[in-house]
Structure formats: structure tokens, C-alpha cells
file query.txt (compact mmCIF, C-alpha atoms and all ligand atoms)
# COMPACT_ATOMS: atom_id res chain seq x y z
CA MET U 1 58.43 133.89 -76.52
CA SER U 2 55.25 134.66 -74.61
CA ALA U 3 51.95 135.48 -76.29
CA GLY U 4 52.25 139.09 -75.15
CA GLN U 5 55.37 139.61 -77.26
CA VAL U 6 53.78 138.66 -80.57
CA ALA U 7 50.99 141.22 -80.72
CA HIS U 8 50.83 143.29 -83.91
CA THR U 9 48.13 145.87 -83.30
CA GLY U 10 47.56 149.26 -84.84
CA PRO U 11 46.51 150.45 -88.29
CA LEU U 12 47.75 148.34 -91.19
CA PRO U 13 50.02 150.29 -93.56
CA ARG U 14 48.00 151.09 -96.71
CA ASP U 15 50.72 149.50 -98.86
CA ALA U 16 51.01 146.32 -96.75
CA ARG U 17 51.04 143.09 -98.75
CA ILE U 18 47.71 141.51 -97.82
CA TYR U 19 46.54 138.09 -99.00
CA VAL U 20 42.77 137.59 -98.98
CA ALA U 21 42.29 133.83 -99.28
CA GLY U 22 38.86 133.01 -100.69
CA ASP U 23 38.10 136.38 -102.26
CA ARG U 24 35.64 134.82 -104.75
CA GLY U 25 33.38 133.80 -101.87
CA LEU U 26 30.84 135.64 -99.74
CA VAL U 27 33.24 136.49 -96.91
CA GLY U 28 36.50 136.98 -98.79
CA GLY U 29 34.74 139.10 -101.41
CA ALA U 30 33.36 141.43 -98.75
CA ILE U 31 36.79 141.68 -97.08
CA ARG U 32 38.45 142.50 -100.41
CA ARG U 33 35.88 145.20 -101.20
CA ARG U 34 36.30 146.68 -97.70
CA LEU U 35 40.10 146.81 -98.07
CA GLU U 36 39.85 148.34 -101.56
CA ALA U 37 37.41 150.97 -100.31
CA ASP U 38 39.81 151.81 -97.46
CA GLY U 39 42.65 152.45 -99.91
CA PHE U 40 44.79 149.32 -99.48
CA THR U 41 46.88 149.11 -102.61
CA ASN U 42 48.71 145.81 -102.33
CA LEU U 43 46.08 143.08 -102.21
CA ILE U 44 47.00 139.57 -103.28
CA THR U 45 44.27 137.19 -104.48
CA ARG U 46 44.10 133.89 -106.37
CA ARG U 47 41.21 132.00 -107.93
CA SER U 48 40.99 128.38 -106.79
CA ALA U 49 41.81 127.32 -110.36
CA GLU U 50 45.12 129.23 -110.04
CA LEU U 51 46.01 128.05 -106.53
CA ASP U 52 44.50 124.93 -104.96
CA LEU U 53 44.82 125.60 -101.23
CA ARG U 54 44.56 121.86 -100.54
CA ASP U 55 47.89 121.40 -102.32
CA GLN U 56 50.65 121.81 -99.76
CA ALA U 57 53.51 122.29 -102.23
CA ALA U 58 51.56 124.87 -104.24
CA VAL U 59 50.64 126.83 -101.12
CA ARG U 60 54.22 126.80 -99.87
CA THR U 61 55.52 128.08 -103.23
CA PHE U 62 52.86 130.78 -103.34
CA PHE U 63 53.80 132.10 -99.88
CA ARG U 64 57.54 131.98 -100.69
CA GLU U 65 57.04 133.94 -103.90
CA GLU U 66 54.38 136.44 -102.83
CA ARG U 67 55.54 137.04 -99.23
CA PRO U 68 52.25 138.38 -97.86
CA GLU U 69 52.59 140.27 -94.58
CA TYR U 70 48.96 139.87 -93.52
CA VAL U 71 46.52 137.07 -94.29
CA PHE U 72 42.74 136.95 -94.08
CA LEU U 73 41.93 133.23 -94.19
CA ALA U 74 38.41 133.26 -95.65
CA ALA U 75 38.83 130.31 -98.02
CA ALA U 76 36.71 127.31 -97.14
CA LYS U 77 34.35 124.70 -98.47
CA VAL U 78 31.02 125.89 -97.12
CA GLY U 79 27.36 125.08 -97.55
CA GLY U 80 23.96 124.85 -95.94
CA ILE U 81 22.55 122.04 -93.87
CA LEU U 82 21.93 119.68 -96.81
CA ALA U 83 25.38 120.06 -98.40
CA ASN U 84 27.08 119.68 -95.03
CA SER U 85 25.30 116.45 -94.21
CA THR U 86 25.62 115.02 -97.75
CA TYR U 87 29.34 115.65 -98.30
CA PRO U 88 30.94 115.39 -94.82
CA ALA U 89 34.17 113.82 -96.12
CA GLN U 90 34.79 116.74 -98.47
CA PHE U 91 33.89 119.32 -95.84
CA LEU U 92 36.37 117.74 -93.42
CA TYR U 93 39.20 117.06 -95.86
CA ASP U 94 39.07 120.33 -97.83
CA ASN U 95 38.83 122.53 -94.76
CA LEU U 96 41.51 120.67 -92.81
CA MET U 97 43.90 120.87 -95.77
CA ILE U 98 43.21 124.55 -96.45
CA ALA U 99 43.73 125.52 -92.81
CA THR U 100 46.82 123.39 -92.27
CA ASN U 101 48.51 124.45 -95.49
CA VAL U 102 47.80 128.17 -95.17
CA ILE U 103 48.56 128.48 -91.47
CA HIS U 104 51.79 126.50 -91.72
CA ALA U 105 52.99 128.35 -94.84
CA ALA U 106 52.13 131.66 -93.17
CA HIS U 107 54.31 130.66 -90.23
CA GLU U 108 57.18 129.43 -92.44
CA SER U 109 57.21 132.55 -94.59
CA GLY U 110 57.05 134.96 -91.65
CA VAL U 111 53.55 136.43 -92.07
CA ARG U 112 53.13 139.20 -89.47
CA LYS U 113 49.52 138.46 -88.69
CA LEU U 114 46.80 136.05 -89.80
CA LEU U 115 43.04 136.11 -89.16
CA ASN U 116 41.49 132.66 -89.34
CA LEU U 117 37.71 132.58 -89.88
CA GLY U 118 35.46 129.84 -88.51
CA SER U 119 31.81 129.44 -87.66
CA SER U 120 29.35 129.33 -84.77
CA CYS U 121 28.87 125.61 -85.42
CA ILE U 122 32.15 124.93 -83.57
CA TYR U 123 30.24 125.10 -80.27
CA PRO U 124 28.56 122.06 -78.68
CA ARG U 125 24.98 121.44 -79.83
CA MET U 126 23.56 121.71 -76.32
CA ALA U 127 25.81 124.46 -74.98
CA PRO U 128 24.06 127.16 -72.94
CA GLN U 129 22.85 130.14 -74.99
CA PRO U 130 24.10 132.66 -75.85
CA LEU U 131 27.32 130.88 -76.82
CA LYS U 132 30.39 132.10 -75.00
CA GLU U 133 33.87 131.50 -76.40
CA GLU U 134 34.75 129.38 -73.33
CA TYR U 135 32.16 126.71 -74.33
CA LEU U 136 34.46 125.45 -77.08
CA LEU U 137 35.19 121.71 -76.66
CA THR U 138 32.86 121.23 -73.69
CA GLY U 139 30.39 118.82 -75.34
CA PRO U 140 29.23 116.88 -78.43
CA LEU U 141 28.72 118.74 -81.72
CA GLU U 142 25.61 119.03 -83.93
CA GLU U 143 25.58 115.99 -86.22
CA THR U 144 24.58 117.75 -89.50
CA ASN U 145 27.78 119.82 -89.61
CA ARG U 146 30.17 117.95 -87.33
CA ALA U 147 32.75 117.36 -90.07
CA TYR U 148 32.91 121.05 -90.96
CA ALA U 149 33.00 122.04 -87.28
CA VAL U 150 35.88 119.68 -86.47
CA ALA U 151 37.98 121.21 -89.29
CA LYS U 152 37.19 124.71 -88.01
CA ILE U 153 38.10 123.72 -84.44
CA ALA U 154 41.39 122.28 -85.73
CA ALA U 155 42.14 125.64 -87.39
CA ILE U 156 41.64 127.49 -84.08
CA GLU U 157 43.94 124.98 -82.40
CA LEU U 158 46.58 125.51 -85.10
CA CYS U 159 46.50 129.28 -84.59
CA ASP U 160 46.70 128.96 -80.82
CA HIS U 161 49.51 126.41 -80.81
CA TYR U 162 51.55 128.30 -83.43
CA ARG U 163 51.13 131.37 -81.21
CA ALA U 164 52.21 129.46 -78.10
CA GLN U 165 55.09 127.51 -79.61
CA TYR U 166 56.40 129.85 -82.33
CA GLY U 167 55.11 133.28 -81.27
CA ALA U 168 53.00 133.63 -84.41
CA ASP U 169 50.37 136.38 -84.24
CA PHE U 170 47.48 134.27 -85.53
CA ILE U 171 43.94 135.04 -84.34
CA SER U 172 40.53 133.40 -84.90
CA GLY U 173 37.18 135.10 -85.56
CA MET U 174 33.98 133.03 -85.38
CA PRO U 175 31.16 134.60 -87.39
CA THR U 176 27.54 133.62 -86.87
CA ASN U 177 25.37 132.74 -89.93
CA LEU U 178 26.21 135.22 -92.69
CA TYR U 179 24.34 136.61 -95.69
CA GLY U 180 24.66 139.42 -98.21
CA PRO U 181 25.87 140.28 -101.71
CA GLY U 182 27.97 137.48 -103.18
CA ASP U 183 26.10 134.70 -101.36
CA ASN U 184 25.44 131.31 -102.94
CA PHE U 185 21.87 131.14 -104.28
CA ASP U 186 22.12 127.57 -105.58
CA LEU U 187 19.31 125.81 -103.69
CA LYS U 188 21.22 122.54 -103.15
CA GLY U 189 24.25 124.17 -101.56
CA SER U 190 22.96 127.41 -100.12
CA HIS U 191 22.08 128.49 -96.62
CA VAL U 192 18.55 129.31 -95.57
CA LEU U 193 18.39 133.06 -96.26
CA PRO U 194 19.39 133.07 -99.94
CA ALA U 195 17.42 129.84 -100.47
CA LEU U 196 14.17 131.33 -99.22
CA MET U 197 14.74 134.60 -101.06
CA ARG U 198 15.22 132.78 -104.34
CA LYS U 199 12.29 130.40 -103.80
CA MET U 200 9.98 133.33 -103.05
CA VAL U 201 11.08 135.37 -106.07
CA GLU U 202 10.62 132.36 -108.35
CA ALA U 203 7.25 131.43 -106.78
CA GLN U 204 6.01 134.95 -107.28
CA GLU U 205 7.07 134.97 -110.92
CA ALA U 206 5.47 131.58 -111.54
CA GLY U 207 2.28 132.62 -109.76
CA ALA U 208 2.77 129.76 -107.25
CA ALA U 209 0.75 129.98 -104.04
CA GLN U 210 3.27 128.24 -101.79
CA VAL U 211 6.91 128.15 -100.85
CA GLU U 212 8.52 125.21 -99.12
CA VAL U 213 10.52 125.86 -95.96
CA TRP U 214 12.67 123.00 -94.69
CA GLY U 215 12.18 121.60 -91.20
CA SER U 216 9.76 122.79 -88.53
CA GLY U 217 10.44 126.53 -88.73
CA THR U 218 11.21 126.57 -84.99
CA PRO U 219 15.06 126.54 -84.98
CA LEU U 220 16.56 129.86 -83.95
CA ARG U 221 19.33 131.48 -85.99
CA GLU U 222 21.30 134.71 -85.82
CA PHE U 223 22.25 136.52 -89.07
CA LEU U 224 25.09 138.97 -89.67
CA TYR U 225 25.34 141.11 -92.81
CA VAL U 226 28.60 140.21 -94.54
CA GLU U 227 29.73 143.83 -94.93
CA ASP U 228 29.53 144.21 -91.16
CA LEU U 229 31.62 141.06 -90.88
CA ALA U 230 34.26 142.50 -93.23
CA GLU U 231 34.49 145.57 -91.03
CA ALA U 232 34.86 143.38 -87.94
CA CYS U 233 37.64 141.40 -89.64
CA LEU U 234 39.67 144.53 -90.33
CA TYR U 235 39.00 145.69 -86.77
CA LEU U 236 40.31 142.40 -85.37
CA MET U 237 43.34 142.49 -87.65
CA GLU U 238 44.22 146.00 -86.49
CA GLN U 239 43.19 145.95 -82.84
CA VAL U 240 43.22 142.46 -81.38
CA SER U 241 45.88 139.89 -80.62
CA GLU U 242 44.88 136.95 -78.43
CA PRO U 243 44.40 133.18 -78.60
CA GLY U 244 41.05 131.41 -78.80
CA PRO U 245 37.92 132.13 -80.81
CA ILE U 246 36.34 135.59 -80.86
CA ASN U 247 32.61 135.56 -81.66
CA ILE U 248 31.34 137.90 -84.39
CA GLY U 249 27.58 138.39 -84.49
CA THR U 250 24.69 140.66 -83.67
CA GLY U 251 23.62 139.01 -80.40
CA GLU U 252 20.01 138.69 -81.66
CA ASP U 253 18.21 135.75 -83.22
CA LEU U 254 14.82 134.78 -84.65
CA THR U 255 13.02 131.60 -85.68
CA ILE U 256 13.25 130.29 -89.24
CA ARG U 257 9.51 130.98 -89.54
CA GLU U 258 10.03 134.62 -88.55
CA LEU U 259 12.93 134.86 -90.99
CA ALA U 260 10.75 133.45 -93.79
CA GLU U 261 8.02 135.99 -93.00
CA LEU U 262 10.51 138.85 -93.02
CA ILE U 263 11.98 137.78 -96.37
CA ALA U 264 8.45 137.40 -97.80
CA ASP U 265 7.70 140.94 -96.71
CA VAL U 266 10.83 142.36 -98.35
CA VAL U 267 10.39 140.32 -101.54
CA GLY U 268 6.63 140.96 -101.71
CA PHE U 269 5.67 137.27 -101.67
CA GLU U 270 2.12 136.88 -100.39
CA GLY U 271 1.62 133.12 -100.67
CA ASP U 272 1.77 130.45 -97.95
CA LEU U 273 4.77 128.94 -96.21
CA VAL U 274 4.70 125.14 -96.14
CA PHE U 275 7.01 123.44 -93.67
CA ASP U 276 8.64 120.20 -94.85
CA ALA U 277 9.28 118.06 -91.77
CA SER U 278 11.23 115.49 -93.81
CA LYS U 279 14.13 117.99 -94.00
CA PRO U 280 16.46 118.45 -91.01
CA ASP U 281 16.18 121.26 -88.48
CA GLY U 282 19.83 121.09 -87.46
CA THR U 283 20.86 122.59 -84.19
CA PRO U 284 17.92 124.10 -82.22
CA ARG U 285 19.68 127.39 -81.52
CA LYS U 286 23.11 129.00 -81.96
CA LEU U 287 23.08 132.54 -80.69
CA MET U 288 26.48 134.13 -80.18
CA ASP U 289 27.48 135.90 -77.00
CA VAL U 290 29.21 138.92 -78.53
CA SER U 291 30.18 140.65 -75.28
CA LYS U 292 33.88 139.94 -75.82
CA LEU U 293 33.98 141.73 -79.20
CA THR U 294 31.69 144.51 -77.95
CA GLY U 295 34.05 144.95 -75.02
CA LEU U 296 36.97 145.18 -77.44
CA GLY U 297 35.13 148.02 -79.21
CA TRP U 298 33.21 146.64 -82.23
CA SER U 299 29.52 145.97 -82.77
CA ALA U 300 27.33 145.25 -85.82
CA ARG U 301 25.34 148.09 -87.34
CA THR U 302 23.20 146.75 -90.19
CA GLY U 303 19.72 145.68 -89.08
CA LEU U 304 18.33 142.42 -90.48
CA ARG U 305 15.60 144.05 -92.59
CA GLU U 306 18.05 146.55 -94.09
CA GLY U 307 20.56 143.79 -94.84
CA ILE U 308 17.88 141.63 -96.48
CA GLU U 309 16.73 144.60 -98.59
CA ARG U 310 20.28 145.21 -99.80
CA THR U 311 20.80 141.51 -100.50
CA PHE U 312 17.52 141.39 -102.41
CA ALA U 313 18.56 144.37 -104.55
CA TRP U 314 21.88 142.66 -105.31
CA PHE U 315 20.19 139.33 -106.11
CA MET U 316 17.72 140.92 -108.54
CA GLN U 317 20.54 142.78 -110.26
CA GLU U 318 22.64 139.62 -110.64
CA ARG U 319 19.63 137.72 -111.88
CA ALA U 320 18.86 140.34 -114.49
CA ALA U 321 22.49 140.16 -115.60
CA GLY U 322 22.19 136.37 -116.01
CA ASN U 323 24.71 135.62 -113.25
CA ILE U 324 22.49 133.35 -111.12
CA ARG U 325 22.50 129.75 -112.29
CA SER U 326 19.12 128.03 -112.56
P1 LIG I 1 22.62 125.77 -90.41
O1 LIG I 1 22.52 127.08 -89.67
O2 LIG I 1 23.96 125.18 -90.39
O3 LIG I 1 21.56 124.79 -89.92
O4 LIG I 1 22.38 126.08 -91.96
P2 LIG I 1 21.19 126.48 -92.95
O5 LIG I 1 21.24 127.95 -93.19
O6 LIG I 1 21.33 125.61 -94.15
O7 LIG I 1 19.81 126.11 -92.24
C1 LIG I 1 19.28 126.85 -91.18
C2 LIG I 1 17.86 126.37 -90.87
O8 LIG I 1 16.99 126.80 -91.93
C3 LIG I 1 17.69 124.85 -90.76
O9 LIG I 1 16.77 124.58 -89.73
C4 LIG I 1 17.09 124.50 -92.13
O10 LIG I 1 16.32 123.30 -92.11
C5 LIG I 1 16.19 125.71 -92.35
N1 LIG I 1 15.73 125.92 -93.74
C6 LIG I 1 14.47 126.16 -94.13
N2 LIG I 1 14.36 126.23 -95.46
C7 LIG I 1 15.61 126.07 -95.96
C8 LIG I 1 16.14 126.04 -97.29
O11 LIG I 1 15.43 126.18 -98.30
N3 LIG I 1 17.50 125.88 -97.40
C9 LIG I 1 18.30 125.74 -96.31
N4 LIG I 1 19.62 125.59 -96.50
N5 LIG I 1 17.82 125.71 -95.05
C10 LIG I 1 16.50 125.88 -94.87
call {"tool": "encode", "arguments": {"input": "query.txt", "output": "C-alpha cells", "more": "lines below"}}
Ligand code: GDP
result
Amino acid sequence: MSAGQVAHTGPLPRDARIYVAGDRGLVGGAIRRRLEADGFTNLITRRSAELDLRDQAAVRTFFREERPEYVFLAAAKVGGILANSTYPAQFLYDNLMIATNVIHAAHESGVRKLLNLGSSCIYPRMAPQPLKEEYLLTGPLEETNRAYAVAKIAAIELCDHYRAQYGADFISGMPTNLYGPGDNFDLKGSHVLPALMRKMVEAQEAGAAQVEVWGSGTPLREFLYVEDLAEACLYLMEQVSEPGPINIGTGEDLTIRELAELIADVVGFEGDLVFDASKPDGTPRKLMDVSKLTGLGWSARTGLREGIERTFAWFMQERAAGNIRS
């Protein structure tokens, strides 16, 4: 069967059986809320304590029993630069197992369509910018997240080869750095945006004059609001069927220093930023080329300041409710 024969495009039936893997996380949570808001009535979710996606037998049984028709694969072990470089074995093993088990079980149980989610760190460290989809596997990866990236590349390969060999309609979306409601604000595991937001709120409350920013402040990063991502995921599920990664981003980036200044402005932190050169910078730049997705008909709409303001409102609410661990 050729790739052209396996395309399932068009609106998803509102009563379709849809499994959102990873719905307790930043991405899966936003996808679940988007689907609920759009009137999908048959969503399937599991907490990791109920279904360990690294357990092949458990995953196979779950797919046999639940028979999802569509799968959003947003379950992953994720973290910021420190967590990625400290626990590379877990990032590789967990993500390889999750991808292999879910993609294979989806194939075996006849899932109509699956969207696999990856990351912009799959591209070579020194690839030309902005990053085009065709740069995949053209050079060495960034060291601080190589383990995670290799697992995410393997997941794209699985989708493409299951499409080629079995005619499975499995597609891969590659989001840039994400942020928004539901993010991880634990400083040891979090990404830069929630980390700086939390540090600034706490510094302000403590009357501290400084906040520490890791690295030199010069790396460039692109940030996509997670609710825009959720919209893009549904768009891809309904409109797109093709092999290979599809970048999901805004097409704009800024330095970590500029990001810190913007967050300070939103939070109202007026102290100094102190750059800690003993912490890693990571990759110098990873700006997505989003012309493929724009050409397919989708682009991001939430500006960075607006997204940070909404995230800040959510964070303060969660904090007041006692939901943010110290
Ligand atoms: P990355 O995009 O995979 O490198 O992930 P991160 O979001 O963890 O880090 C992005 C950049 O922000 C890196 O250059 C970090 O060194 C920098 N950064 C500055 N302060 C912080 C912080 O408090 N936490 C994190 N995670 N990164 C920070």
C-alpha cells in the first residue's frame, strides 16, 4: 500500500474514540482541554499510575480493550537542560519504550490515525537556522539533550516506517520550546520560562534584589504557547497525512536575557539579573522554520507577552491554591 492510500483527513467525528496519552502533562493537558471544548465526547485517558506506558504487555492490553481510533502521543519524560543532562539514561529508556509500545500497539489494534509529538532538539546542533524539516539526521546533536533527541528521532522513524511498510497513518509534529498553564514549575526539572517566572515571584516576595539566570543569557530560543500547540495538533490530525517531522512554532526567537527581561516586566520584578556561567547554555539557537505548517494552513496566534501574562495568572492561582510544590 502506498503512503497516498493511508491518508485519513477531514474533521474527526465528535464521538470518535480518542486516546490522549500524557494528559496530565503540559501538552497532553492542553490537547485534552481543546478536545473537550470542541465537544469531543469519547476521550480516553490514563494516569501513569494506572497505565505505565513503558510496560509493553500493559500497553498492548490497554489498546486491545479500549480500541482507540485516534491517538495523540503526548506522553514523555521531559525536562529542562539540567534534568536532561543529569538523567540521560532515563530520558532515553523511558521515551524509547513509550514510543515503541504505543506506536506498535496502535498499529496492532488498528488505530486510524496517530500524532506523535517530538521536539526541536531532534535537529543537529549546528544546522542552519531557521531549522527546516529536511535537516533531520544531517549532523551531530546537542550534547545536553542527545539522549532525549535520539528517542524522539526513533519515534519519527517508527511512524514513517509503519506508514511505509504497513500503511499506518501515523504523523509526527515537532513543537518548539513550549510554555503555558500546566507547566512544571519545579526548579530542578523545569524549563527556562517557568523557572524564571517562579524565581522572580519568590525573589519579589522575599525582597531579594537579584535573580539568577543560568548560562550567559545569549542563547536564542523560540517559545510557543501550549494552547496554540493544542490547536495545531488537532489541525494536523484533521488535515495532514505525510511522513517526516512537521515543525510547530512561531518562527520568532529571542535571547534568554530578553526573555528574562520580558518575564520580569510581566511579573513586576525590578531587581537585577545575575548570569551564572557555571550552568550550561545548551544549543546556541534552535529556531523553527514553520513555512511547511504555514503552507498547510496553520499559524500561531498568541504573542509571547500575552502567553506569559496568561501563564503568570495561572501560576499565581495554582500557588494560592497550594498546588505548586516548594
Ligand atoms: P533547552 O531549550 O533544552 O536548552 O532547555 P531549557 O529551557 O532548560 O533552557 C533554555 C536556556 O535557558 C538554556 O540556555 C539555559 O541555561 C537557560 N536558563 C537560564 N536560567 C534557567 C533556569 O533557571 N532554568 C532552566 N531550565 N534554564 C535556564
call {"tool": "closest_atom_pairs", "arguments": {"input": "query.txt", "of": "chain U", "to": "ligand LIG 1 (chain I)", "cutoff": "9 Å", "atoms": "all atoms listed in the file", "output": "Markdown table"}}
result
| residue | atom | partner | partner_atom | distance |
| --- | --- | --- | --- | --- |
| U:Gly79 | CA | I:LIG1 | O6 | 6.9 |
| U:Gly80 | CA | I:LIG1 | O6 | 3.3 |
| U:Ile81 | CA | I:LIG1 | O6 | 3.8 |
| U:Leu82 | CA | I:LIG1 | N4 | 6.4 |
| U:Ala83 | CA | I:LIG1 | O6 | 8.1 |
| U:Asn84 | CA | I:LIG1 | O2 | 7.8 |
| U:Ser120 | CA | I:LIG1 | O1 | 8.7 |
| U:Cys121 | CA | I:LIG1 | O2 | 7.0 |
| U:Thr144 | CA | I:LIG1 | O2 | 7.5 |
| U:Asn145 | CA | I:LIG1 | O2 | 6.6 |
| U:Thr176 | CA | I:LIG1 | O1 | 8.7 |
| U:Asn177 | CA | I:LIG1 | O1 | 6.3 |
| U:Leu178 | CA | I:LIG1 | O5 | 8.8 |
| U:Leu187 | CA | I:LIG1 | N3 | 6.5 |
| U:Lys188 | CA | I:LIG1 | N4 | 7.5 |
| U:Gly189 | CA | I:LIG1 | N4 | 7.0 |
| U:Ser190 | CA | I:LIG1 | N4 | 5.3 |
| U:His191 | CA | I:LIG1 | O5 | 3.6 |
| U:Val192 | CA | I:LIG1 | C9 | 3.7 |
| U:Leu193 | CA | I:LIG1 | O5 | 6.6 |
| U:Pro194 | CA | I:LIG1 | N3 | 7.9 |
| U:Ala195 | CA | I:LIG1 | O11 | 4.7 |
| U:Leu196 | CA | I:LIG1 | O11 | 5.4 |
| U:Met197 | CA | I:LIG1 | O11 | 8.9 |
| U:Arg198 | CA | I:LIG1 | O11 | 8.9 |
| U:Lys199 | CA | I:LIG1 | O11 | 7.6 |
| U:Glu212 | CA | I:LIG1 | N2 | 7.0 |
| U:Val213 | CA | I:LIG1 | N2 | 3.9 |
| U:Trp214 | CA | I:LIG1 | C6 | 3.7 |
| U:Gly215 | CA | I:LIG1 | O10 | 4.6 |
| U:Ser216 | CA | I:LIG1 | O9 | 7.3 |
| U:Gly217 | CA | I:LIG1 | O9 | 6.7 |
| U:Thr218 | CA | I:LIG1 | O9 | 7.6 |
| U:Pro219 | CA | I:LIG1 | O9 | 5.4 |
| U:Leu220 | CA | I:LIG1 | O9 | 7.8 |
| U:Arg221 | CA | I:LIG1 | O1 | 6.6 |
| U:Glu222 | CA | I:LIG1 | O1 | 8.6 |
| U:Thr255 | CA | I:LIG1 | C2 | 8.8 |
| U:Ile256 | CA | I:LIG1 | O8 | 5.8 |
| U:Arg257 | CA | I:LIG1 | C6 | 8.3 |
| U:Ala260 | CA | I:LIG1 | C6 | 8.2 |
| U:Phe275 | CA | I:LIG1 | C6 | 8.0 |
| U:Asp276 | CA | I:LIG1 | N2 | 8.3 |
| U:Ala277 | CA | I:LIG1 | O10 | 8.8 |
| U:Lys279 | CA | I:LIG1 | O10 | 6.0 |
| U:Pro280 | CA | I:LIG1 | O10 | 5.0 |
| U:Asp281 | CA | I:LIG1 | O9 | 3.6 |
| U:Gly282 | CA | I:LIG1 | O3 | 4.8 |
| U:Thr283 | CA | I:LIG1 | O3 | 6.2 |
| U:Pro284 | CA | I:LIG1 | O9 | 7.6 |
| U:Arg285 | CA | I:LIG1 | O1 | 8.6 |
| U:Lys286 | CA | I:LIG1 | O1 | 8.0 |
call {"tool": "atom_distance", "arguments": {"input": "query.txt", "atom1": "CA of Glu202 (chain U)", "atom2": "CA of Leu304 (chain U)"}}
result
21.9 Å
call {"tool": "residues_around", "arguments": {"input": "query.txt", "residues": "Glu227 (chain U)", "least_positions_apart": "6", "cutoff": "8 Å", "atoms": "all atoms listed in the file", "output": "VMD selection string"}}
result
chain U and resid 30 to 31 34 180
call {"tool": "residues_around", "arguments": {"input": "query.txt", "residues": "region 229-231 of chain U", "least_positions_apart": "2", "cutoff": "12 Å", "atoms": "only C-alpha atoms", "output": "number ranges by chain"}}
result
U: 20, 23, 26-38, 72, 74, 115, 117, 173-180, 223-227, 233-239, 247-250, 293, 298-302
call {"tool": "closest_residue", "arguments": {"input": "query.txt", "among": "U:Gly307, U:Gly39, U:Pro140, U:Pro68", "to": "Arg112 (chain U)", "atoms": "only C-alpha atoms"}}
result
U:Pro68
call {"tool": "closest_atom_pairs", "arguments": {"input": "query.txt", "of": "region 233-287 of chain U", "to": "region 161-167 of chain U", "cutoff": "12 Å", "atoms": "only C-alpha atoms", "output": "tab-separated table"}}
result
residue	atom	partner	partner_atom	distance
U:Ser241	CA	U:Arg163	CA	10.0
U:Glu242	CA	U:Arg163	CA	8.8
U:Pro243	CA	U:Arg163	CA	7.4
U:Gly244	CA	U:His161	CA	10.0
call {"tool": "write_last_selection", "arguments": {"input": "query.txt", "atoms": "C-alpha atoms", "output": "PDB file, keeping the file's coordinate frame"}}
result
ATOM      1  CA  SER U 241      45.880 139.890 -80.620  1.00  0.00           C
ATOM      2  CA  GLU U 242      44.880 136.950 -78.430  1.00  0.00           C
ATOM      3  CA  PRO U 243      44.400 133.180 -78.600  1.00  0.00           C
ATOM      4  CA  GLY U 244      41.050 131.410 -78.800  1.00  0.00           C
TER       5      GLY U 244
END
call {"tool": "atom_distance", "arguments": {"input": "query.txt", "atom1": "CA of Ser278 (chain U)", "atom2": "CA of Asp253 (chain U)"}}
result
23.9 Å
call {"tool": "closest_residue", "arguments": {"input": "query.txt", "among": "U:Val150, U:Ala168, U:Ala49, U:Ile44", "to": "Ala105 (chain U)", "atoms": "all atoms listed in the file"}}
result
U:Ala168
call {"tool": "closest_residue", "arguments": {"input": "query.txt", "among": "U:Asn184, U:Asn323, U:Ser109, U:Asn116", "to": "Arg64 (chain U)", "atoms": "all atoms listed in the file"}}
result
U:Ser109
call {"tool": "atom_distance", "arguments": {"input": "query.txt", "atom1": "CA of Phe185 (chain U)", "atom2": "CA of Ala313 (chain U)"}}
result
13.6 Å
call {"tool": "closest_residue", "arguments": {"input": "query.txt", "among": "U:Leu254, U:Ala89, U:Leu141, U:Ala151", "to": "Gly118 (chain U)", "atoms": "only C-alpha atoms"}}
result
U:Ala151
call {"tool": "residues_around", "arguments": {"input": "query.txt", "residues": "Phe170 (chain U)", "least_positions_apart": "4", "cutoff": "6 Å", "atoms": "only C-alpha atoms", "output": "mmCIF file with C-alpha atoms, keeping the file's coordinate frame"}}
result
data_model
loop_
_atom_site.group_PDB
_atom_site.id
_atom_site.type_symbol
_atom_site.label_atom_id
_atom_site.label_comp_id
_atom_site.auth_asym_id
_atom_site.auth_seq_id
_atom_site.Cartn_x
_atom_site.Cartn_y
_atom_site.Cartn_z
ATOM 1 C CA LYS U 113 49.520 138.460 -88.690
ATOM 2 C CA LEU U 114 46.800 136.050 -89.800
ATOM 3 C CA CYS U 159 46.500 129.280 -84.590
#
call {"tool": "closest_residue", "arguments": {"input": "query.txt", "among": "U:Val211, U:Leu43, U:Val266, U:Met200", "to": "Asp15 (chain U)", "atoms": "all atoms listed in the file"}}
result
U:Leu43
call {"tool": "residues_around", "arguments": {"input": "query.txt", "residues": "Asn42 (chain U)", "least_positions_apart": "5", "cutoff": "8 Å", "atoms": "all atoms listed in the file", "output": "list in words"}}
result
Arg14, Asp15, Ala16, Arg17 and Ile18 of chain U
call {"tool": "write_last_selection", "arguments": {"input": "query.txt", "atoms": "C-alpha atoms", "output": "tab-separated table (two decimals), in the coordinates of the input"}}
result
chain	number	residue	atom	x	y	z
U	14	ARG	CA	48.00	151.09	-96.71
U	15	ASP	CA	50.72	149.50	-98.86
U	16	ALA	CA	51.01	146.32	-96.75
U	17	ARG	CA	51.04	143.09	-98.75
U	18	ILE	CA	47.71	141.51	-97.82
call {"tool": "residues_around", "arguments": {"input": "query.txt", "residues": "Ala127 (chain U)", "least_positions_apart": "4", "cutoff": "8 Å", "atoms": "all atoms listed in the file", "output": "list of chain:residue names"}}
result
U:Tyr123, U:Leu131, U:Tyr135, U:Thr138, U:Gly139
call {"tool": "write_last_selection", "arguments": {"input": "query.txt", "atoms": "C-alpha atoms", "output": "mmCIF file, in the frame of the given file"}}
result
data_model
loop_
_atom_site.group_PDB
_atom_site.id
_atom_site.type_symbol
_atom_site.label_atom_id
_atom_site.label_comp_id
_atom_site.auth_asym_id
_atom_site.auth_seq_id
_atom_site.Cartn_x
_atom_site.Cartn_y
_atom_site.Cartn_z
ATOM 1 C CA TYR U 123 30.240 125.100 -80.270
ATOM 2 C CA LEU U 131 27.320 130.880 -76.820
ATOM 3 C CA TYR U 135 32.160 126.710 -74.330
ATOM 4 C CA THR U 138 32.860 121.230 -73.690
ATOM 5 C CA GLY U 139 30.390 118.820 -75.340
#
call {"tool": "closest_residue", "arguments": {"input": "query.txt", "among": "U:Glu261, U:Glu252, U:Asp169, U:Glu270", "to": "Gly303 (chain U)", "atoms": "all atoms listed in the file"}}
result
U:Glu252
call {"tool": "decode", "arguments": {"input": "query.txt", "residues": "region 58-62 of chain U", "atoms": "N, CA, C and O atoms", "output": "CSV table (one decimal), in the first residue's frame"}}
result
chain,number,residue,atom,x,y,z
U,58,ALA,N,1.2,-4.2,29.3
U,58,ALA,CA,0.1,-3.4,29.8
U,58,ALA,C,-0.4,-2.5,28.6
U,58,ALA,O,-1.6,-2.3,28.5
U,59,VAL,N,0.5,-2.0,27.8
U,59,VAL,CA,0.0,-1.1,26.7
U,59,VAL,C,-0.8,-1.9,25.7
U,59,VAL,O,-1.8,-1.4,25.2
U,60,ARG,N,-0.3,-3.1,25.4
U,60,ARG,CA,-1.0,-3.9,24.4
U,60,ARG,C,-2.4,-4.2,24.9
U,60,ARG,O,-3.4,-4.2,24.2
U,61,THR,N,-2.5,-4.6,26.2
U,61,THR,CA,-3.8,-4.9,26.8
U,61,THR,C,-4.8,-3.7,26.7
U,61,THR,O,-5.9,-3.8,26.4
U,62,PHE,N,-4.2,-2.6,27.1
U,62,PHE,CA,-5.0,-1.3,27.1
U,62,PHE,C,-5.6,-1.0,25.7
U,62,PHE,O,-6.7,-0.8,25.5
